[in-house]
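Asker: Here it is, the structure in full.
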Amino acid sequence: MPDIYIERLDALIARGDQVIATHKPNPPNVIGFATLDSGAFTGWRSQVLTLLQQILGSKHVYIKEFEEQVQRGFPSVVEEGQAILRAVREDLQSGIIVMPQVAAGVRHKELDVFQNLDRLATRLHAVVCQLRSRYDGRGTLDVSDEYDAQDLLHALLHLFFDDIRPEEWTPSYAGKSSRVDFLLKNERTVVELKKTRPGLTGKEIGTQLNDDIARYEKHPDCGYLFCIVYDPDHRVTNPRGFENDLARESPLRVRVRVVPQTY
């Protein structure tokens, strides 16, 4: 049973606390209306259902229970959902639940890809720092802009992947076309890297990525999109919130990682 499922369950349990923190009481003499931020609640609920279906299939009793109990945006409802997630976690670890992929002996390729990309992203800054320190002041790659970062990423991708295709072009979207940074052909995954700089902060990059997501949905070889935001000067406020806001499950699965991590 891959550890990433346990990590993802823990992350969604923790995110449930963040959703509960959006609670705003109804005005006086007004009752019955959801009190949580609707966007945060809906996004969390969708991600939980997607994960549960990956782990359990589509008709498990835990999924039915979650769908019945977690329908409206109230703190108590999210707590019910968190309790179900904890039960799934416990049953996975005890072996009561055996994932269909594991039972069939099938390697979960998508998770392997995302695990490797996440490992690469979180160590990118350490590699950048190490490259700056060479014996006798010899020449090196000093990552000063986005093109430098893309060249370094291209080299590092060879650690995990064989068929890496740079400078692929997406089909036209709203009269525009866009260069895909790297297409992992066999994995049907696009890897995009952006680097913050003065005048290009989290808000601007978020807008760009939303536009890119819409374009990549039309790319015939792209089923998954992994975006790395290299932010060495910490211009992105609330990195984890930034990542969660841009994550998608369908029709294109999207993950975003802001690095280096500040917490």
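Identifiers in the structure tokens: chain A, B, ... in order shown; residue index from 1 per chain; ligand index from 1 in order shown.
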For A:Gly16, please output as a PDB file with N, CA, C and O atoms, in the first residue's frame all residues within 10 Å (counting only C-alpha atoms; exclusion window: fewer than 5 positions along the same chain).

Answerer:
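The result, stored in out06.pdb:
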ATOM      1  N   ASP A  10      -3.915  12.136   5.073  1.00  0.00           N
ATOM      2  CA  ASP A  10      -3.545  13.072   6.134  1.00  0.00           C
ATOM      3  C   ASP A  10      -3.683  14.518   5.661  1.00  0.00           C
ATOM      4  O   ASP A  10      -4.143  15.390   6.409  1.00  0.00           O
ATOM      5  N   ALA A  11      -3.262  14.768   4.410  1.00  0.00           N
ATOM      6  CA  ALA A  11      -3.337  16.133   3.878  1.00  0.00           C
ATOM      7  C   ALA A  11      -4.784  16.602   3.768  1.00  0.00           C
ATOM      8  O   ALA A  11      -5.104  17.763   4.071  1.00  0.00           O
ATOM      9  N   ALA A  21     -12.081  26.467   9.205  1.00  0.00           N
ATOM     10  CA  ALA A  21     -11.645  27.801   9.632  1.00  0.00           C
ATOM     11  C   ALA A  21     -12.275  28.919   8.821  1.00  0.00           C
ATOM     12  O   ALA A  21     -12.227  30.090   9.223  1.00  0.00           O
ATOM     13  N   ALA A  40     -14.070  26.644  -1.000  1.00  0.00           N
ATOM     14  CA  ALA A  40     -13.158  25.794  -0.227  1.00  0.00           C
ATOM     15  C   ALA A  40     -13.812  24.453   0.097  1.00  0.00           C
ATOM     16  O   ALA A  40     -13.185  23.391  -0.012  1.00  0.00           O
ATOM     17  N   PHE A  41     -15.092  24.488   0.481  1.00  0.00           N
ATOM     18  CA  PHE A  41     -15.800  23.258   0.834  1.00  0.00           C
ATOM     19  C   PHE A  41     -15.961  22.352  -0.380  1.00  0.00           C
ATOM     20  O   PHE A  41     -15.675  21.150  -0.321  1.00  0.00           O
ATOM     21  N   TRP A  44     -12.601  20.799  -1.491  1.00  0.00           N
ATOM     22  CA  TRP A  44     -12.183  19.736  -0.564  1.00  0.00           C
ATOM     23  C   TRP A  44     -13.013  18.482  -0.766  1.00  0.00           C
ATOM     24  O   TRP A  44     -12.474  17.375  -0.852  1.00  0.00           O
ATOM     25  N   ARG A  45     -14.328  18.640  -0.856  1.00  0.00           N
ATOM     26  CA  ARG A  45     -15.212  17.486  -1.022  1.00  0.00           C
ATOM     27  C   ARG A  45     -14.888  16.738  -2.318  1.00  0.00           C
ATOM     28  O   ARG A  45     -14.840  15.502  -2.339  1.00  0.00           O
ATOM     29  N   VAL A  48     -11.637  14.764  -1.919  1.00  0.00           N
ATOM     30  CA  VAL A  48     -11.822  13.586  -1.070  1.00  0.00           C
ATOM     31  C   VAL A  48     -12.496  12.459  -1.854  1.00  0.00           C
ATOM     32  O   VAL A  48     -12.047  11.310  -1.816  1.00  0.00           O
ATOM     33  N   PRO A  75     -19.465  23.261   9.553  1.00  0.00           N
ATOM     34  CA  PRO A  75     -18.320  22.661  10.246  1.00  0.00           C
ATOM     35  C   PRO A  75     -18.564  21.229  10.691  1.00  0.00           C
ATOM     36  O   PRO A  75     -17.688  20.369  10.547  1.00  0.00           O
ATOM     37  N   VAL A  78     -18.088  18.766   7.824  1.00  0.00           N
ATOM     38  CA  VAL A  78     -16.681  18.501   7.498  1.00  0.00           C
ATOM     39  C   VAL A  78     -16.063  17.565   8.535  1.00  0.00           C
ATOM     40  O   VAL A  78     -15.280  16.669   8.209  1.00  0.00           O
ATOM     41  N   GLU A  79     -16.426  17.748   9.797  1.00  0.00           N
ATOM     42  CA  GLU A  79     -15.917  16.859  10.842  1.00  0.00           C
ATOM     43  C   GLU A  79     -16.371  15.419  10.597  1.00  0.00           C
ATOM     44  O   GLU A  79     -15.603  14.470  10.848  1.00  0.00           O
ATOM     45  N   GLY A  81     -16.879  14.142   7.661  1.00  0.00           N
ATOM     46  CA  GLY A  81     -16.026  13.689   6.568  1.00  0.00           C
ATOM     47  C   GLY A  81     -14.637  13.335   7.044  1.00  0.00           C
ATOM     48  O   GLY A  81     -14.051  12.333   6.594  1.00  0.00           O
ATOM     49  N   GLN A  82     -14.091  14.132   7.937  1.00  0.00           N
ATOM     50  CA  GLN A  82     -12.763  13.825   8.482  1.00  0.00           C
ATOM     51  C   GLN A  82     -12.775  12.500   9.234  1.00  0.00           C
ATOM     52  O   GLN A  82     -11.800  11.738   9.164  1.00  0.00           O
TER      53      GLN A  82
END

Asker: Please provide as a VMD selection string all residues within 8 Å of A:Leu36, with the sequence filter that same-chain residues fewer than 4 positions apart are discarded (counting only C-alpha atoms).

Answerer: chain A and resid 19 to 20 22 to 24 40 to 41 73 to 75

Asker: Return as number ranges by chain the full set of residues in stretch 40-248 of chain A whose backbone-based DSSP assignment is helix (DSSP H, G or I).

Answerer: A: 40-56, 61-69, 75-94, 100-103, 109-131, 135-137, 146-157, 202-216, 239-246

Asker: For atom CA of A:Asp17 and atom CA of A:Gly43, quote the distance in Å rounded to one decimal.

Answerer: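 Atom-to-atom, atom CA of A:Asp17 and atom CA of A:Gly43 are spaced 13.5 Å apart.
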
Asker: Near stretch 179-194 of chain A, within 7 Å and counting only C-alpha atoms, which residues show up once chain neighbours fewer than 4 positions away are dropped, as a list in words?

Answerer: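 The residues that qualify are Glu146, Gln150, Asp163, Ile164, Arg165, Pro166, Glu167, Glu168, Trp169, Thr170, Asp221, Cys222, Gly223, Tyr224, Leu225, Phe226, Cys227, Ile228, Val229 and Tyr230 of chain A.
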
Asker: Store the residues of this selection in a file with N, CA, C and O atoms, as a CSV table (one decimal), in the first residue's frame.

Answerer:
chain,number,residue,atom,x,y,z
A,146,GLU,N,14.1,32.4,-15.5
A,146,GLU,CA,13.3,31.2,-15.8
A,146,GLU,C,13.9,30.3,-16.8
A,146,GLU,O,13.8,29.1,-16.6
A,150,GLN,N,14.6,26.3,-16.3
A,150,GLN,CA,14.1,25.3,-17.2
A,150,GLN,C,15.2,24.4,-17.7
A,150,GLN,O,15.0,23.2,-17.8
A,163,ASP,N,11.6,9.6,-22.2
A,163,ASP,CA,11.1,10.4,-23.3
A,163,ASP,C,10.7,11.7,-22.9
A,163,ASP,O,9.5,11.9,-22.5
A,164,ILE,N,11.6,12.7,-23.0
A,164,ILE,CA,11.3,14.1,-22.5
A,164,ILE,C,11.3,15.0,-23.8
A,164,ILE,O,12.3,15.1,-24.4
A,165,ARG,N,10.2,15.7,-24.0
A,165,ARG,CA,10.1,16.5,-25.2
A,165,ARG,C,9.8,17.9,-24.9
A,165,ARG,O,8.7,18.3,-24.5
A,166,PRO,N,10.9,18.7,-25.0
A,166,PRO,CA,10.7,20.2,-24.8
A,166,PRO,C,10.1,20.9,-25.9
A,166,PRO,O,10.0,20.4,-27.1
A,167,GLU,N,9.5,22.1,-25.6
A,167,GLU,CA,9.0,23.0,-26.7
A,167,GLU,C,7.9,22.4,-27.5
A,167,GLU,O,7.9,22.6,-28.7
A,168,GLU,N,7.1,21.6,-26.9
A,168,GLU,CA,5.9,21.2,-27.5
A,168,GLU,C,4.9,22.3,-27.5
A,168,GLU,O,4.9,23.2,-26.6
A,169,TRP,N,4.0,22.4,-28.5
A,169,TRP,CA,3.1,23.5,-28.6
A,169,TRP,C,1.6,23.0,-28.4
A,169,TRP,O,1.2,22.0,-29.0
A,170,THR,N,0.9,23.7,-27.6
A,170,THR,CA,-0.5,23.3,-27.4
A,170,THR,C,-1.3,23.8,-28.5
A,170,THR,O,-1.0,24.7,-29.2
A,221,ASP,N,-1.9,14.9,-25.9
A,221,ASP,CA,-1.1,14.0,-25.2
A,221,ASP,C,-0.9,14.3,-23.7
A,221,ASP,O,-0.1,13.8,-23.0
A,222,CYS,N,-1.8,15.2,-23.2
A,222,CYS,CA,-1.7,15.7,-21.8
A,222,CYS,C,-2.9,15.2,-21.0
A,222,CYS,O,-4.0,15.7,-21.3
A,223,GLY,N,-2.6,14.4,-20.1
A,223,GLY,CA,-3.7,14.0,-19.1
A,223,GLY,C,-3.4,14.5,-17.7
A,223,GLY,O,-4.3,14.6,-16.9
A,224,TYR,N,-2.2,14.9,-17.5
A,224,TYR,CA,-1.8,15.4,-16.2
A,224,TYR,C,-0.8,16.6,-16.4
A,224,TYR,O,0.0,16.7,-17.3
A,225,LEU,N,-0.9,17.6,-15.5
A,225,LEU,CA,-0.1,18.8,-15.5
A,225,LEU,C,0.5,19.0,-14.1
A,225,LEU,O,-0.2,19.0,-13.1
A,226,PHE,N,1.8,19.0,-14.1
A,226,PHE,CA,2.6,19.3,-12.9
A,226,PHE,C,3.3,20.6,-13.0
A,226,PHE,O,4.2,20.8,-13.9
A,227,CYS,N,3.0,21.6,-12.2
A,227,CYS,CA,3.5,22.9,-12.3
A,227,CYS,C,4.5,23.2,-11.1
A,227,CYS,O,4.1,23.0,-10.0
A,228,ILE,N,5.7,23.6,-11.4
A,228,ILE,CA,6.7,24.0,-10.4
A,228,ILE,C,6.8,25.5,-10.4
A,228,ILE,O,7.1,26.1,-11.5
A,229,VAL,N,6.6,26.1,-9.3
A,229,VAL,CA,6.8,27.6,-9.2
A,229,VAL,C,8.0,27.7,-8.3
A,229,VAL,O,8.0,27.5,-7.1
A,230,TYR,N,9.1,28.2,-9.0
A,230,TYR,CA,10.4,28.3,-8.3
A,230,TYR,C,10.4,29.8,-7.7
A,230,TYR,O,10.4,30.7,-8.4

Asker: Can you tell me, as number ranges by chain, which residues in stretch 73-167 of chain A count as strand (DSSP E or B) by DSSP?

Answerer: A: 164-167
